[in-house]
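Shown next: target.cif, given as mmCIF, C-alpha atoms and all ligand atoms.
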```
data_entry
#
loop_
_atom_site.label_atom_id
_atom_site.label_comp_id
_atom_site.auth_asym_id
_atom_site.auth_seq_id
_atom_site.Cartn_x
_atom_site.Cartn_y
_atom_site.Cartn_z
CA MET Y 17 18.09 -40.88 65.70
CA ILE Y 18 19.73 -39.29 62.65
CA LEU Y 19 18.04 -40.08 59.33
CA THR Y 20 20.02 -40.02 56.09
CA VAL Y 21 18.47 -39.69 52.64
CA THR Y 22 20.58 -40.92 49.70
CA PRO Y 23 18.52 -40.07 46.61
CA ASN Y 24 21.02 -41.74 44.22
CA PRO Y 25 22.81 -44.55 46.08
CA ALA Y 26 25.55 -46.64 44.46
CA TRP Y 27 27.54 -49.82 44.60
CA ASP Y 28 30.96 -48.27 45.23
CA ILE Y 29 34.01 -49.93 43.70
CA THR Y 30 37.46 -48.73 44.81
CA TYR Y 31 40.47 -49.68 42.65
CA SER Y 32 43.94 -49.01 44.05
CA VAL Y 33 46.63 -48.50 41.39
CA ASP Y 34 50.23 -47.28 41.54
CA ALA Y 35 49.63 -44.33 39.20
CA LEU Y 36 46.88 -43.23 36.83
CA ALA Y 37 47.73 -42.49 33.17
CA PRO Y 38 44.88 -41.89 30.69
CA GLY Y 39 45.04 -44.18 27.66
CA ARG Y 40 47.14 -46.85 29.46
CA THR Y 41 46.28 -50.28 30.89
CA HIS Y 42 46.30 -50.28 34.68
CA ARG Y 43 46.98 -53.35 36.84
CA VAL Y 44 44.74 -53.00 39.89
CA ARG Y 45 46.58 -53.73 43.17
CA HIS Y 46 43.49 -54.00 45.35
CA VAL Y 47 39.69 -53.92 44.87
CA ALA Y 48 37.15 -52.97 47.54
CA GLU Y 49 33.37 -53.01 46.94
CA ARG Y 50 30.63 -51.77 49.22
CA ALA Y 51 27.28 -50.05 49.53
CA GLY Y 52 27.78 -46.35 48.91
CA GLY Y 53 26.42 -43.02 47.90
CA LYS Y 54 27.08 -40.06 50.17
CA GLY Y 55 24.19 -40.51 52.63
CA ILE Y 56 25.04 -44.18 53.13
CA ASN Y 57 28.67 -43.28 53.88
CA VAL Y 58 27.45 -40.67 56.37
CA ALA Y 59 25.28 -43.33 58.06
CA ARG Y 60 28.18 -45.78 58.26
CA VAL Y 61 30.36 -43.17 59.99
CA LEU Y 62 27.55 -42.26 62.42
CA HIS Y 63 27.03 -45.94 63.23
CA ARG Y 64 30.76 -46.39 63.92
CA LEU Y 65 30.58 -43.36 66.22
CA GLY Y 66 27.84 -45.15 68.18
CA HIS Y 67 24.86 -43.05 67.01
CA GLU Y 68 21.48 -44.42 66.12
CA VAL Y 69 20.95 -43.92 62.40
CA LEU Y 70 18.38 -44.78 59.72
CA VAL Y 71 19.31 -45.08 56.02
CA THR Y 72 16.62 -44.24 53.48
CA ALA Y 73 17.23 -44.71 49.75
CA PRO Y 74 15.60 -45.92 46.53
CA LEU Y 75 17.05 -49.22 45.29
CA GLY Y 76 16.37 -51.39 42.25
CA GLY Y 77 17.72 -54.23 40.10
CA ALA Y 78 20.65 -56.52 40.81
CA THR Y 79 22.90 -53.64 41.89
CA GLY Y 80 20.21 -52.47 44.27
CA ASP Y 81 20.16 -55.99 45.79
CA LEU Y 82 23.92 -55.76 46.35
CA VAL Y 83 23.57 -52.37 48.04
CA ARG Y 84 20.72 -53.64 50.22
CA ALA Y 85 22.81 -56.63 51.32
CA GLY Y 86 25.70 -54.23 52.01
CA LEU Y 87 23.51 -52.29 54.45
CA ALA Y 88 23.42 -55.22 56.90
CA GLY Y 89 24.06 -53.85 60.37
CA LEU Y 90 22.58 -50.43 59.51
CA ASP Y 91 18.88 -49.76 60.16
CA HIS Y 92 17.41 -49.05 56.70
CA SER Y 93 14.13 -48.31 55.01
CA ILE Y 94 14.17 -48.79 51.21
CA ALA Y 95 11.89 -47.48 48.45
CA PRO Y 96 11.83 -50.11 45.67
CA ILE Y 97 12.35 -48.79 42.12
CA ARG Y 98 12.06 -50.40 38.69
CA ASP Y 99 15.44 -49.42 37.19
CA SER Y 100 18.80 -50.58 38.41
CA THR Y 101 20.85 -48.72 41.02
CA ARG Y 102 24.17 -47.35 39.68
CA ARG Y 103 27.83 -48.18 40.30
CA THR Y 104 30.54 -45.66 41.07
CA VAL Y 105 34.25 -46.31 40.63
CA SER Y 106 36.98 -44.60 42.61
CA VAL Y 107 40.53 -45.08 41.29
CA VAL Y 108 42.91 -44.41 44.16
CA THR Y 109 46.61 -43.64 43.82
CA ASP Y 110 48.83 -42.52 46.66
CA GLY Y 111 46.90 -39.60 48.15
CA ASP Y 112 44.55 -38.99 45.24
CA ALA Y 113 41.22 -40.36 43.96
CA THR Y 114 39.62 -40.15 40.51
CA LEU Y 115 35.87 -40.81 40.50
CA LEU Y 116 33.76 -42.29 37.71
CA ASN Y 117 30.15 -41.93 38.81
CA GLU Y 118 27.40 -43.46 36.67
CA PRO Y 119 24.30 -41.23 36.39
CA GLY Y 120 22.07 -43.93 37.86
CA PRO Y 121 18.43 -44.78 37.26
CA ALA Y 122 15.60 -42.38 36.44
CA LEU Y 123 12.96 -42.33 39.17
CA THR Y 124 9.28 -42.07 38.32
CA ALA Y 125 7.17 -39.52 40.20
CA GLU Y 126 5.60 -42.41 42.18
CA GLU Y 127 9.03 -43.77 43.15
CA TRP Y 128 10.16 -40.36 44.41
CA GLN Y 129 6.93 -40.06 46.40
CA GLY Y 130 7.66 -43.54 47.78
CA LEU Y 131 11.01 -42.31 49.11
CA ARG Y 132 9.40 -39.20 50.57
CA ALA Y 133 6.78 -41.34 52.30
CA LEU Y 134 9.52 -43.42 53.97
CA VAL Y 135 11.13 -40.28 55.33
CA ALA Y 136 7.80 -38.86 56.53
CA ALA Y 137 6.88 -42.16 58.24
CA ARG Y 138 9.93 -42.10 60.52
CA LEU Y 139 10.21 -38.36 61.25
CA ASP Y 140 8.74 -38.57 64.74
CA GLN Y 141 11.79 -40.61 65.85
CA VAL Y 142 14.33 -38.31 64.19
CA SER Y 143 16.41 -35.39 65.54
CA VAL Y 144 18.38 -34.47 62.38
CA VAL Y 145 17.91 -35.24 58.67
CA VAL Y 146 20.90 -35.49 56.32
CA LEU Y 147 20.26 -35.30 52.57
CA SER Y 148 23.40 -36.24 50.71
CA GLY Y 149 24.61 -36.88 47.18
CA SER Y 150 23.48 -36.26 43.63
CA LEU Y 151 19.88 -36.36 42.43
CA PRO Y 152 18.68 -39.24 40.27
CA ARG Y 153 17.29 -38.42 36.86
CA GLY Y 154 13.56 -37.74 37.00
CA VAL Y 155 13.87 -35.70 40.22
CA SER Y 156 14.08 -31.96 39.65
CA PRO Y 157 15.99 -29.54 41.90
CA ALA Y 158 12.59 -28.04 42.75
CA ASP Y 159 11.34 -31.49 43.90
CA TYR Y 160 14.43 -31.75 46.08
CA ALA Y 161 13.92 -28.29 47.59
CA ASP Y 162 10.35 -29.29 48.30
CA LEU Y 163 11.58 -32.31 50.27
CA VAL Y 164 14.01 -30.12 52.26
CA ARG Y 165 11.19 -27.66 53.00
CA SER Y 166 8.84 -30.44 54.11
CA VAL Y 167 11.13 -31.76 56.86
CA PRO Y 168 10.29 -30.15 60.23
CA ARG Y 169 13.71 -31.06 61.68
CA PRO Y 170 17.22 -29.61 61.43
CA THR Y 171 18.49 -30.53 57.94
CA ILE Y 172 21.99 -30.83 56.48
CA VAL Y 173 22.36 -30.91 52.69
CA ASP Y 174 25.40 -32.06 50.71
CA THR Y 175 24.83 -31.88 46.96
CA SER Y 176 25.95 -29.80 44.00
CA GLY Y 177 24.84 -27.61 41.08
CA GLU Y 178 21.21 -26.66 40.65
CA ALA Y 179 20.14 -29.12 43.36
CA LEU Y 180 22.38 -27.27 45.84
CA ALA Y 181 21.09 -23.86 44.70
CA HIS Y 182 17.46 -24.92 45.13
CA ALA Y 183 18.11 -26.74 48.41
CA ALA Y 184 19.89 -23.69 49.85
CA SER Y 185 16.90 -21.51 49.09
CA ALA Y 186 14.68 -23.98 51.01
CA GLY Y 187 16.40 -22.83 54.23
CA PRO Y 188 18.30 -25.91 55.50
CA ASP Y 189 20.36 -25.57 58.68
CA ILE Y 190 23.65 -26.41 56.94
CA VAL Y 191 24.80 -26.89 53.36
CA LYS Y 192 28.22 -28.46 52.74
CA PRO Y 193 29.60 -27.81 49.28
CA ASN Y 194 33.24 -28.47 48.37
CA ALA Y 195 35.39 -25.65 47.00
CA ASP Y 196 34.69 -26.50 43.34
CA GLU Y 197 30.94 -26.80 43.88
CA LEU Y 198 30.91 -23.48 45.71
CA ARG Y 199 32.87 -21.70 42.97
CA ASP Y 200 30.76 -23.23 40.18
CA LEU Y 201 27.56 -22.14 41.90
CA THR Y 202 28.46 -18.64 43.10
CA GLY Y 203 31.17 -17.66 40.60
CA CYS Y 204 33.36 -16.56 43.57
CA ALA Y 205 36.99 -17.77 43.49
CA ASP Y 206 37.34 -16.90 47.19
CA PRO Y 207 35.54 -19.57 49.30
CA LEU Y 208 34.74 -17.06 52.06
CA ARG Y 209 32.92 -14.82 49.60
CA GLY Y 210 31.30 -17.86 47.97
CA ALA Y 211 30.08 -19.25 51.29
CA THR Y 212 28.73 -15.84 52.31
CA ALA Y 213 26.91 -15.51 48.97
CA LEU Y 214 25.41 -19.00 49.28
CA ARG Y 215 24.31 -18.33 52.86
CA SER Y 216 22.50 -15.18 51.71
CA GLN Y 217 20.36 -17.47 49.48
CA GLY Y 218 18.75 -19.05 52.55
CA ALA Y 219 20.93 -21.71 54.24
CA HIS Y 220 21.47 -20.92 57.94
CA ALA Y 221 25.12 -21.99 57.71
CA VAL Y 222 27.53 -22.91 54.91
CA VAL Y 223 30.44 -25.25 55.58
CA ALA Y 224 32.81 -25.50 52.62
CA SER Y 225 35.27 -28.39 52.47
CA LEU Y 226 38.61 -27.23 51.09
CA GLY Y 227 40.45 -30.56 50.73
CA PRO Y 228 43.73 -30.75 52.68
CA GLU Y 229 43.16 -27.17 53.94
CA GLY Y 230 40.17 -28.28 56.01
CA LEU Y 231 36.90 -26.38 56.39
CA LEU Y 232 35.57 -22.87 56.13
CA ALA Y 233 32.26 -22.11 57.83
CA VAL Y 234 30.01 -19.07 57.66
CA THR Y 235 27.40 -19.34 60.42
CA ALA Y 236 25.14 -17.21 62.60
CA GLU Y 237 27.85 -17.47 65.34
CA GLY Y 238 30.55 -16.08 63.02
CA ALA Y 239 32.97 -17.34 60.38
CA PHE Y 240 35.65 -19.93 61.11
CA ARG Y 241 38.48 -21.81 59.47
CA ALA Y 242 39.47 -25.23 60.77
CA ALA Y 243 42.50 -27.06 59.39
CA PRO Y 244 44.10 -30.43 60.16
CA GLY Y 245 47.33 -30.17 62.16
CA ARG Y 246 48.63 -33.61 61.15
CA GLU Y 247 49.44 -34.47 57.57
CA VAL Y 248 47.38 -37.35 56.10
CA ARG Y 249 47.78 -39.28 52.87
CA GLY Y 250 45.36 -41.88 51.62
CA ASN Y 251 41.94 -42.04 49.98
CA PRO Y 252 40.05 -38.72 50.10
CA THR Y 253 36.81 -40.36 48.84
CA GLY Y 254 34.24 -40.02 51.60
CA ALA Y 255 36.15 -37.36 53.55
CA GLY Y 256 33.28 -34.93 52.95
CA ASP Y 257 30.79 -37.54 54.18
CA SER Y 258 32.64 -37.68 57.50
CA VAL Y 259 32.41 -33.89 57.73
CA VAL Y 260 28.65 -34.17 57.29
CA ALA Y 261 28.43 -36.98 59.89
CA ALA Y 262 30.31 -34.88 62.46
CA LEU Y 263 28.13 -31.85 61.72
CA ALA Y 264 24.99 -33.97 62.19
CA VAL Y 265 26.26 -35.13 65.59
CA GLY Y 266 27.02 -31.50 66.50
CA VAL Y 267 23.56 -30.32 65.45
CA ALA Y 268 21.86 -33.17 67.37
CA ALA Y 269 23.87 -32.35 70.51
CA GLY Y 270 23.68 -28.54 70.14
CA THR Y 271 27.51 -28.32 70.21
CA PRO Y 272 28.97 -24.82 69.62
CA TRP Y 273 30.31 -24.23 66.09
CA PRO Y 274 34.03 -24.24 66.93
CA ASP Y 275 33.74 -27.74 68.45
CA ARG Y 276 31.58 -29.01 65.59
CA LEU Y 277 34.23 -27.89 63.14
CA ARG Y 278 37.12 -29.39 65.15
CA ASN Y 279 35.32 -32.74 65.19
CA ALA Y 280 34.46 -32.49 61.49
CA VAL Y 281 38.04 -31.78 60.42
CA ALA Y 282 39.47 -34.53 62.62
CA LEU Y 283 36.95 -37.14 61.48
CA SER Y 284 37.44 -36.19 57.85
CA ALA Y 285 41.24 -36.45 58.12
CA ALA Y 286 40.93 -39.82 59.88
CA THR Y 287 38.72 -41.00 56.99
CA VAL Y 288 41.36 -40.00 54.42
CA ALA Y 289 43.86 -42.14 56.33
CA ALA Y 290 41.58 -45.22 55.97
CA PRO Y 291 41.57 -47.16 52.67
CA VAL Y 292 37.82 -47.00 51.80
CA ALA Y 293 35.09 -44.36 52.13
CA GLY Y 294 33.26 -44.33 55.47
CA GLU Y 295 36.07 -46.01 57.46
CA PHE Y 296 38.30 -44.51 60.15
CA THR Y 297 40.09 -45.60 63.30
CA ARG Y 298 39.37 -44.05 66.71
CA ASP Y 299 43.08 -43.73 67.30
CA GLU Y 300 43.66 -41.58 64.19
CA TYR Y 301 40.49 -39.56 64.93
CA GLU Y 302 41.71 -38.71 68.43
CA LYS Y 303 45.23 -37.81 67.25
CA GLN Y 304 43.74 -35.56 64.56
CA LEU Y 305 41.34 -33.96 67.05
CA ALA Y 306 44.20 -32.94 69.33
CA ALA Y 307 46.00 -31.26 66.40
CA VAL Y 308 43.21 -29.25 64.63
CA HIS Y 309 43.88 -25.50 64.14
CA LEU Y 310 40.75 -23.40 64.51
CA GLU Y 311 40.47 -19.65 64.00
CA GLU Y 312 37.60 -17.20 63.89
CA ILE Y 313 37.81 -14.93 60.86
CA PRO Y 314 36.06 -11.67 59.99
CA CYS Y 315 32.92 -12.07 57.85
CA PRO Y 316 33.07 -10.12 54.58
CA SER Y 317 30.68 -7.17 54.52
O1 LIG Y 401 27.47 -38.97 42.51
P1 LIG Y 401 27.34 -38.42 43.91
O2 LIG Y 401 26.04 -38.83 44.53
O3 LIG Y 401 27.61 -36.96 44.00
O4 LIG Y 401 28.51 -39.06 44.76
C1 LIG Y 401 28.59 -40.45 44.94
C2 LIG Y 401 29.93 -40.79 45.57
O5 LIG Y 401 31.00 -40.52 44.68
O6 LIG Y 401 30.16 -40.04 46.73
C3 LIG Y 401 30.79 -40.84 47.72
C4 LIG Y 401 31.95 -40.11 48.29
O7 LIG Y 401 31.52 -38.94 48.89
C5 LIG Y 401 31.08 -42.16 47.06
O8 LIG Y 401 31.08 -43.21 47.97
C6 LIG Y 401 29.91 -42.19 46.12
O9 LIG Y 401 29.78 -43.16 45.23
#
```

Please render this file's structure as C-alpha cells.
Amino acid sequence: MILTVTPNPAWDITYSVDALAPGRTHRVRHVAERAGGKGINVARVLHRLGHEVLVTAPLGGATGDLVRAGLAGLDHSIAPIRDSTRRTVSVVTDGDATLLNEPGPALTAEEWQGLRALVAARLDQVSVVVLSGSLPRGVSPADYADLVRSVPRPTIVDTSGEALAHAASAGPDIVKPNADELRDLTGCADPLRGATALRSQGAHAVVASLGPEGLLAVTAEGAFRAAPGREVRGNPTGAGDSVVAALAVGVAAGTPWPDRLRNAVALSAATVAAPVAGEFTRDEYEKQLAAVHLEEIPCPS
C-alpha cells in the first residue's frame, strides 16, 4: 500500500473562464468542486491506476466535512482538528491555471501529533510514503523534517520553500520541486544545477517538474530529461501530483529511473488533458507514454 500525507488539505474549486483579466468581472463557464490538496490528488491518481492507497490528513469544520465526504471510495484515516480546513480556487483558461490558495488552519502541537500517530499506526502495511503539499500554520519545517526522518520507508516529498529545504536534509528518497520552487530555494536559474545543489543537501534523488518541457531528474543512476512528445492543452493543476503518483509506483515496484520518468511524464501530460486535478484517461496516458522523449544527460561537476 502507498500512504499519502496531506498536511494542509483543501476543498478545491475549479472555475473555467474564457480569459482572466485582473480588475474585471468574470462569468464562470463551469465550476468543479472536490476534495483536494496535493497528497489527496496523488491518492486519487494511484487509486485510478489500481493501486492500494491510504489517505492521511487533518480535517476540521464544515469544509473538513466536505473534504471527508469527497474521499468516499478512497481508504482514509483522518486526524480531527478544531479549525476549519481551507479552500483553494483554480481559475482555468485555455491551457493555463491561476491558483488562489487559502493558508488554511493552524494546527496545535497535539493535532500534529495526532496526524503523526495515524501515519505511524499504519506503517507496517505501507511500502512507500508520499508527503505532499504546503504545511499548515503551527507546523514548523523542522517538525516536518522530523516526520520525514521518522518514516522507515521510502519517502517522496513534494513541497516548497523552507519546508522543502528541511525535508531534503532529512534524506528522503525523492523530492519533487517545480522549476520556480527549485530556483527560489537554490538561487540557480539552471534547473540541472539547482537539482544537483538540492540533492547535495540530502535527498537521494531530485525530480524537477518543468511544465510543458517535462521533467529533469538527478539520481544515483545518473541525470535524465524526459519530455512529452504530444502537445497537450488543458488544466495544468495537479500535473505535478500525477508525477508524484507515477514516481511512487516506480519506487514501490523498483522500476529503473528511465521508465519511472517516462511514466511520470505521460501521466502528468494525460492529467493536463483532463478538466480537473487528479483525473486522466487511460487512452491519453497510453498515447503519451508511446511519445515520451527520454535522454540521459551529463551531471554537472
Ligand atoms: O497550497 P499547496 O498545498 O501547495 O497546494 C494545494 C493545491 O493547489 O495543489 C493541488 C495541485 O497540485 C491543488 O489541488 C491544491 O489545492

Check which residues fall inside 6 Å of ligand LIG 401 (chain Y) when counting all atoms listed in the file, and print them as a CSV table (one decimal) with C-alpha atoms, in the frame of the given file.
```csv
chain,number,residue,atom,x,y,z
Y,24,ASN,CA,21.0,-41.7,44.2
Y,26,ALA,CA,25.6,-46.6,44.5
Y,28,ASP,CA,31.0,-48.3,45.2
Y,52,GLY,CA,27.8,-46.4,48.9
Y,53,GLY,CA,26.4,-43.0,47.9
Y,54,LYS,CA,27.1,-40.1,50.2
Y,104,THR,CA,30.5,-45.7,41.1
Y,117,ASN,CA,30.2,-41.9,38.8
Y,149,GLY,CA,24.6,-36.9,47.2
Y,150,SER,CA,23.5,-36.3,43.6
Y,253,THR,CA,36.8,-40.4,48.8
Y,254,GLY,CA,34.2,-40.0,51.6
Y,256,GLY,CA,33.3,-34.9,53.0
Y,257,ASP,CA,30.8,-37.5,54.2
Y,293,ALA,CA,35.1,-44.4,52.1
```

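Between Met17 in chain Y and the candidates Y:Gly55, Y:Gly86, Y:Pro152, Y:Gly66, the tightest atom-to-atom separation, counting all atoms listed in the file, involves Y:Gly66.
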
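Residue nearest Ala78 in chain Y, chosen from Y:Ile29, Y:Ala183, Y:Ile97, Y:Ala306 and counting all atoms listed in the file: Y:Ile97.
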
Counting all atoms listed in the file, figure out which residue out of Y:Leu139, Y:Tyr160, Y:Val144, Y:Val83 gets nearest to His67 in chain Y.
Y:Val144

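Minimum atom-to-atom distances from Y:Leu151, Y:Ala113, Y:Ala285, Y:Ala239 to Ala35 in chain Y were compared using only C-alpha atoms, and the lowest value belongs to Y:Ala113.
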
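Counting from CA of Tyr31 in chain Y, the distance to CA of Ser100 in chain Y is 22.1 Å.
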
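Computed from the coordinates, the CA of Val135 in chain Y to CA of Val173 in chain Y distance equals 14.9 Å.
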
Leaving out Pro274 in chain Y and any residue of its chain fewer than 6 positions from it, which residues lie within 10 Å of it when counting all atoms listed in the file, given as a VMD selection string?
chain Y and resid 233 237 to 242 280 310 to 312

What residues have an atom no more than 9 Å from (49.2, -36.3, 56.3) in the file's own frame, counting all atoms listed in the file, and can you write them as a CSV table (one decimal) with C-alpha atoms, keeping the file's coordinate frame?
```csv
chain,number,residue,atom,x,y,z
Y,228,PRO,CA,43.7,-30.8,52.7
Y,244,PRO,CA,44.1,-30.4,60.2
Y,245,GLY,CA,47.3,-30.2,62.2
Y,246,ARG,CA,48.6,-33.6,61.2
Y,247,GLU,CA,49.4,-34.5,57.6
Y,248,VAL,CA,47.4,-37.4,56.1
Y,249,ARG,CA,47.8,-39.3,52.9
Y,250,GLY,CA,45.4,-41.9,51.6
Y,285,ALA,CA,41.2,-36.4,58.1
Y,288,VAL,CA,41.4,-40.0,54.4
Y,289,ALA,CA,43.9,-42.1,56.3
```

Separation of CA of Leu75 in chain Y and CA of Ala95 in chain Y, in Å?
6.3 Å

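Using all atoms listed in the file, the smallest distance between any of Y:Leu208, Y:Val61, Y:Val47, Y:Leu201 and Gly294 in chain Y comes from Y:Val61.
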
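Omitting Phe296 in chain Y and its sequence neighbours fewer than 2 positions away, and counting only C-alpha atoms, the residues within 6 Å are Y:Ala286, Y:Thr287, Y:Ala290.
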
For range 57-61 of chain Y, what centre and edge lengths in Å (one decimal) does the axis-aligned box get once 8 Å is added on each side of all its listed atoms, as lines of an AutoDock Vina configuration file?
```
center_x = 27.8
center_y = -43.2
center_z = 56.9
size_x = 21.1
size_y = 21.1
size_z = 22.1
```

Nearest to Ala224 in chain Y among Y:Leu305, Y:Leu131, Y:Cys315, Y:Ile190, with distances taken over only C-alpha atoms: which residue is it?
Y:Ile190

Can you write out as a tab-separated table which residues of range 104-218 of chain Y fall within 10 Å of range 266-269 of chain Y, alongside each residue's closest atom pair and its distance in Å to one decimal, counting only C-alpha atoms and ordering rows by chain and ascending residue number?
```
residue	atom	partner	partner_atom	distance
Y:Val142	CA	Y:Ala268	CA	9.7
Y:Ser143	CA	Y:Ala268	CA	6.2
Y:Val144	CA	Y:Ala268	CA	6.2
Y:Val145	CA	Y:Ala268	CA	9.8
Y:Pro170	CA	Y:Val267	CA	7.5
Y:Thr171	CA	Y:Val267	CA	9.1
Y:Ile172	CA	Y:Val267	CA	9.1
Y:Asp189	CA	Y:Val267	CA	8.9
Y:Ile190	CA	Y:Val267	CA	9.4
```
